[in-house]
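Visitor: Below you'll find work27.cif; it's mmCIF, C-alpha atoms.
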```cif
data_final
loop_
_atom_site.label_atom_id
_atom_site.label_comp_id
_atom_site.auth_asym_id
_atom_site.auth_seq_id
_atom_site.Cartn_x
_atom_site.Cartn_y
_atom_site.Cartn_z
CA MET C 1 55.67 -14.02 35.47
CA SER C 2 52.95 -16.68 35.21
CA ASP C 3 53.63 -20.43 35.57
CA LYS C 4 51.34 -21.13 32.57
CA PRO C 5 53.06 -22.01 29.32
CA LYS C 6 53.08 -19.16 26.81
CA HIS C 7 50.75 -20.93 24.35
CA ALA C 8 48.09 -21.39 27.07
CA ARG C 9 48.10 -17.67 27.88
CA THR C 10 47.84 -16.77 24.19
CA LYS C 11 44.89 -19.09 23.56
CA GLN C 12 43.07 -17.83 26.64
CA ASN C 13 43.74 -14.17 25.82
CA HIS C 14 42.33 -14.56 22.29
CA ARG C 15 39.08 -16.22 23.36
CA PRO C 16 37.09 -12.93 23.43
CA LEU C 17 38.49 -12.03 20.00
CA HIS C 18 37.33 -15.40 18.58
CA LEU C 19 33.90 -14.88 20.14
CA ALA C 20 33.65 -11.39 18.63
CA ARG C 21 34.64 -12.71 15.20
CA GLY C 22 32.04 -15.49 15.55
CA ILE C 23 29.34 -12.95 16.35
CA GLU C 24 30.38 -10.80 13.38
CA LEU C 25 30.24 -13.82 11.08
CA PHE C 26 26.83 -14.85 12.42
CA ALA C 27 25.50 -11.33 11.89
CA ALA C 28 26.90 -11.22 8.35
CA LEU C 29 25.21 -14.52 7.52
CA THR C 30 21.93 -13.61 9.17
CA PHE C 31 21.26 -10.09 7.90
CA SER C 32 22.31 -7.92 5.05
CA VAL C 33 21.67 -4.21 5.18
CA SER C 34 20.72 -2.45 1.99
CA THR C 35 20.83 1.23 1.21
CA PRO C 36 17.84 3.41 2.01
CA ALA C 37 14.98 2.54 -0.34
CA PHE C 38 12.09 4.76 -1.30
CA ALA C 39 10.01 5.52 -4.34
CA ALA C 40 10.09 9.07 -5.64
CA ASP C 41 6.42 9.58 -4.73
CA GLY C 42 6.08 6.89 -2.06
CA VAL C 43 6.80 6.49 1.60
CA LYS C 44 10.41 7.09 2.59
CA ILE C 45 12.25 4.12 4.14
CA ASN C 46 15.35 5.33 5.96
CA ASP C 47 16.86 1.96 6.88
CA LEU C 48 16.02 -1.42 5.32
CA VAL C 49 17.41 -4.64 6.79
CA VAL C 50 16.77 -7.94 4.98
CA ALA C 51 17.66 -11.47 6.08
CA ALA C 52 20.60 -12.50 3.89
CA SER C 53 19.25 -16.03 3.50
CA MET C 54 15.96 -14.78 2.06
CA PRO C 55 15.56 -15.70 -1.61
CA LYS C 56 15.33 -12.72 -3.96
CA ALA C 57 11.84 -13.70 -5.20
CA GLN C 58 10.49 -13.84 -1.63
CA ARG C 59 12.12 -10.51 -0.77
CA GLU C 60 10.55 -8.88 -3.84
CA ALA C 61 7.10 -10.38 -3.08
CA THR C 62 7.35 -9.11 0.49
CA MET C 63 8.29 -5.60 -0.62
CA LYS C 64 5.45 -5.70 -3.17
CA ALA C 65 3.00 -6.11 -0.27
CA VAL C 66 4.76 -3.92 2.29
CA ARG C 67 5.40 -0.86 0.15
CA PRO C 68 1.73 -0.19 -0.77
CA PHE C 69 0.67 -0.76 2.86
CA TYR C 70 2.93 2.04 4.08
CA ASP C 71 2.20 4.16 1.00
CA PHE C 72 -1.45 3.83 2.09
CA TRP C 73 -0.63 5.11 5.60
CA ASN C 74 1.36 7.94 3.99
CA THR C 75 -1.40 9.01 1.57
CA GLY C 76 -4.73 7.55 2.71
CA ASP C 77 -5.26 6.01 -0.77
CA GLU C 78 -7.42 2.94 -0.06
CA ALA C 79 -6.59 1.39 -3.45
CA LEU C 80 -3.06 0.87 -2.07
CA LEU C 81 -4.49 -0.82 1.02
CA LYS C 82 -6.51 -3.25 -1.13
CA GLU C 83 -3.34 -4.06 -3.06
CA ALA C 84 -1.43 -4.84 0.14
CA ILE C 85 -3.68 -6.82 2.47
CA ALA C 86 -5.31 -10.21 2.16
CA PRO C 87 -9.08 -10.74 2.45
CA ASN C 88 -8.44 -12.68 5.70
CA PHE C 89 -6.38 -9.82 7.23
CA THR C 90 -6.41 -9.92 11.04
CA ASP C 91 -5.48 -7.08 13.40
CA HIS C 92 -4.21 -8.78 16.58
CA THR C 93 -4.13 -5.51 18.56
CA LEU C 94 -7.48 -4.16 17.44
CA PRO C 95 -8.40 -0.92 19.23
CA PRO C 96 -11.97 -0.57 20.58
CA GLY C 97 -14.37 0.68 17.91
CA ARG C 98 -12.23 -0.34 14.93
CA PRO C 99 -13.70 -3.05 12.68
CA GLN C 100 -11.73 -6.27 12.29
CA GLY C 101 -10.48 -7.34 8.87
CA PRO C 102 -9.54 -5.36 5.77
CA GLU C 103 -11.92 -2.49 6.64
CA GLY C 104 -10.06 -1.78 9.92
CA PRO C 105 -7.02 0.11 8.54
CA ALA C 106 -9.24 2.05 6.09
CA PHE C 107 -11.58 3.06 8.95
CA ALA C 108 -8.61 4.16 11.11
CA SER C 109 -7.04 6.17 8.29
CA ARG C 110 -10.30 7.97 7.40
CA ARG C 111 -10.96 8.94 11.01
CA PHE C 112 -7.41 10.07 11.66
CA ARG C 113 -7.16 12.04 8.42
CA ALA C 114 -10.36 13.87 9.37
CA ALA C 115 -8.34 15.29 12.29
CA VAL C 116 -4.91 15.45 10.60
CA PRO C 117 -5.46 15.84 6.83
CA ASP C 118 -1.75 16.30 6.05
CA LEU C 119 -0.72 13.09 7.86
CA LYS C 120 2.59 11.67 6.59
CA VAL C 121 4.64 8.66 7.61
CA THR C 122 8.35 7.96 7.38
CA VAL C 123 9.61 4.41 7.89
CA GLU C 124 12.65 4.79 10.11
CA LYS C 125 13.57 1.10 10.11
CA MET C 126 12.16 -1.93 8.30
CA ILE C 127 13.44 -5.43 9.09
CA ILE C 128 12.40 -8.25 6.77
CA ALA C 129 12.99 -11.82 7.99
CA GLY C 130 11.12 -14.66 6.36
CA ASP C 131 7.36 -14.14 6.48
CA TYR C 132 7.60 -11.33 9.06
CA VAL C 133 8.37 -7.64 8.73
CA THR C 134 8.98 -5.26 11.64
CA VAL C 135 8.48 -1.59 10.86
CA HIS C 136 9.20 1.43 13.06
CA MET C 137 7.58 4.68 11.85
CA ASN C 138 7.37 8.39 12.57
CA PHE C 139 4.05 10.08 11.83
CA THR C 140 3.80 13.84 11.34
CA GLY C 141 1.05 16.26 10.47
CA HIS C 142 -1.01 19.15 11.81
CA PHE C 143 -4.22 18.92 13.81
CA THR C 144 -6.48 21.15 11.73
CA GLY C 145 -9.65 19.00 11.76
CA ARG C 146 -11.72 17.54 14.58
CA PHE C 147 -10.98 14.68 16.99
CA GLY C 148 -14.16 13.84 18.89
CA GLN C 149 -15.29 17.14 20.42
CA THR C 150 -11.88 18.82 20.02
CA GLN C 151 -11.20 21.19 17.14
CA GLY C 152 -7.59 21.41 16.02
CA LYS C 153 -5.69 24.68 15.96
CA GLY C 154 -3.02 23.64 13.48
CA GLN C 155 -0.67 22.24 16.11
CA PRO C 156 1.93 19.66 14.94
CA VAL C 157 1.21 16.08 16.02
CA PRO C 158 4.35 13.95 15.74
CA PHE C 159 4.15 10.42 17.16
CA ILE C 160 5.75 7.02 16.64
CA ALA C 161 4.38 3.55 15.93
CA THR C 162 5.75 0.05 15.41
CA ASP C 163 4.20 -2.80 13.39
CA LEU C 164 4.91 -6.49 13.17
CA ILE C 165 3.25 -7.83 10.04
CA LYS C 166 3.05 -11.29 8.50
CA ILE C 167 3.11 -11.87 4.75
CA GLU C 168 1.61 -14.93 3.04
CA ASN C 169 1.37 -15.35 -0.72
CA GLY C 170 2.48 -11.76 -1.31
CA ARG C 171 -0.23 -10.17 0.89
CA ILE C 172 -0.34 -8.97 4.50
CA THR C 173 -2.41 -11.39 6.57
CA ASP C 174 -1.64 -10.32 10.15
CA ASN C 175 -0.68 -7.15 12.01
CA TRP C 176 0.40 -6.49 15.58
CA HIS C 177 0.95 -2.78 16.26
CA ILE C 178 1.63 -0.28 18.99
CA GLU C 179 1.33 3.49 18.75
CA ASP C 180 2.50 6.24 21.07
CA ASN C 181 -1.09 7.32 21.71
CA LEU C 182 -0.25 9.24 24.88
CA THR C 183 2.04 11.61 22.98
CA LEU C 184 -0.57 11.95 20.22
CA LEU C 185 -3.36 12.78 22.68
CA GLN C 186 -1.12 15.27 24.49
CA GLU C 187 -0.22 17.00 21.22
CA ILE C 188 -3.86 17.45 20.21
CA GLY C 189 -4.75 18.68 23.70
CA VAL C 190 -7.03 15.80 24.73
CA ALA C 191 -4.74 14.32 27.43
CA LYS C 192 -2.73 16.22 29.99
CA VAL C 193 0.15 14.76 31.98
CA ASP C 194 1.42 16.60 35.04
#
```
Would you mind writing the file's structure down as structure tokens?

Guide:
Amino acid sequence: MSDKPKHARTKQNHRPLHLARGIELFAALTFSVSTPAFAADGVKINDLVVAASMPKAQREATMKAVRPFYDFWNTGDEALLKEAIAPNFTDHTLPPGRPQGPEGPAFASRRFRAAVPDLKVTVEKMIIAGDYVTVHMNFTGHFTGRFGQTQGKGQPVPFIATDLIKIENGRITDNWHIEDNLTLLQEIGVAKVD
């Protein structure tokens, strides 16, 4: 038996439990998870996480900008893009050859849809915290068009992408993004990995 008084052992043994409860409380105060949200004809959002401290009006303004942006990627409808992004939109991870500003996403969508006309996107997870939204997506479609000198043969082209976007005054002003381009290029037969 230990020389420590019983109350000392009890306090020490419960320290991890108190820490776990503290973490649970912090998480509950920091984020609230809502049910999956998607419009009947819009992009599907499988998991939406919203900062609990975010005022309802700000949350609604953010969703009003975010939803048409991802509906645009899902459909290619440039009217949705114009609704979502600000005139001073900046792409901070601009690929070579893509114009900067509001024309950049439209240019990318037109070129990609020429190769994959049935391109669709599903938002797997969207996290809204203040002025920033992180979005992880799955893209699907079939390579039936042309990509450079390569003609598609109808092969499926699934790939993933992740965005970090900034919202100001109900419009998207900034975007940082990363796509799984290696998988995409392998699927369309342009890149080979041994």

Visitor: Any idea what's packed within 9 Å of C:Ala84, counting all atoms listed in the file, ignoring anything in its chain fewer than 3 positions away? Could you give it as a ChimeraX atom specification?

Guide: /C:64-69,72,79-81,170-172

Visitor: Quick one: pull the distance between atom CA of C:Pro55 and atom CA of C:Ile165, Å, one decimal.

Guide: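 Here the two named atoms are 18.7 Å from each other.
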
Visitor: How many Å lie between atom CA of C:Ile85 and atom CA of C:Asn181, rounded to one decimal?

Guide: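 Straight-line distance from atom CA of C:Ile85 to atom CA of C:Asn181 works out to 24.0 Å.
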
Visitor: Evaluate the PyMOL selection byres ((chain C and resi 139-156) around 6) and record the selected residues as a PyMOL selection string, following the chain and residue labels used in the document.

Guide: chain C and resi 114-116+118-121+138+157-160

Visitor: Please expand the PyMOL selection byres ((chain C and resi 101-103) around 7) into the concrete residues it hits in this file, giving the result as a list in words.

Guide: Ile85, Pro87, Asn88, Phe89, Thr90, Asp91, Pro99, Gln100, Gly104, Pro105, Ala106 and Phe107 of chain C

Visitor: Once the PyMOL selection byres ((chain C and resi 93) around 7) is applied to the coordinates I shared, what remains selected? I want it as a list in words.

Guide: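 Against this file, the PyMOL selection byres ((chain C and resi 93) around 7) returns the residues Asp91, His92, Leu94, Pro95, Trp176 and His177 of chain C.
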
Visitor: Check the smallest atom-to-atom distance from each of C:Lys82, C:Lys56, C:Lys192, C:Arg111 to C:Gly130 using all atoms listed in the file, then report the winner.

Guide: C:Lys56

Visitor: For C:Arg59, which of C:Ile127, C:Leu185, C:Met137, C:Ala191 is the closest residue, counting only C-alpha atoms?

Guide: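 Once distances to C:Arg59 are computed over only C-alpha atoms, the minimum belongs to C:Ile127.
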
Visitor: May I ask for the distance between atom CA of C:Val50 and atom CA of C:Met126, given in Å to one decimal place?

Guide: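 Between these atoms lies a distance of 8.3 Å.
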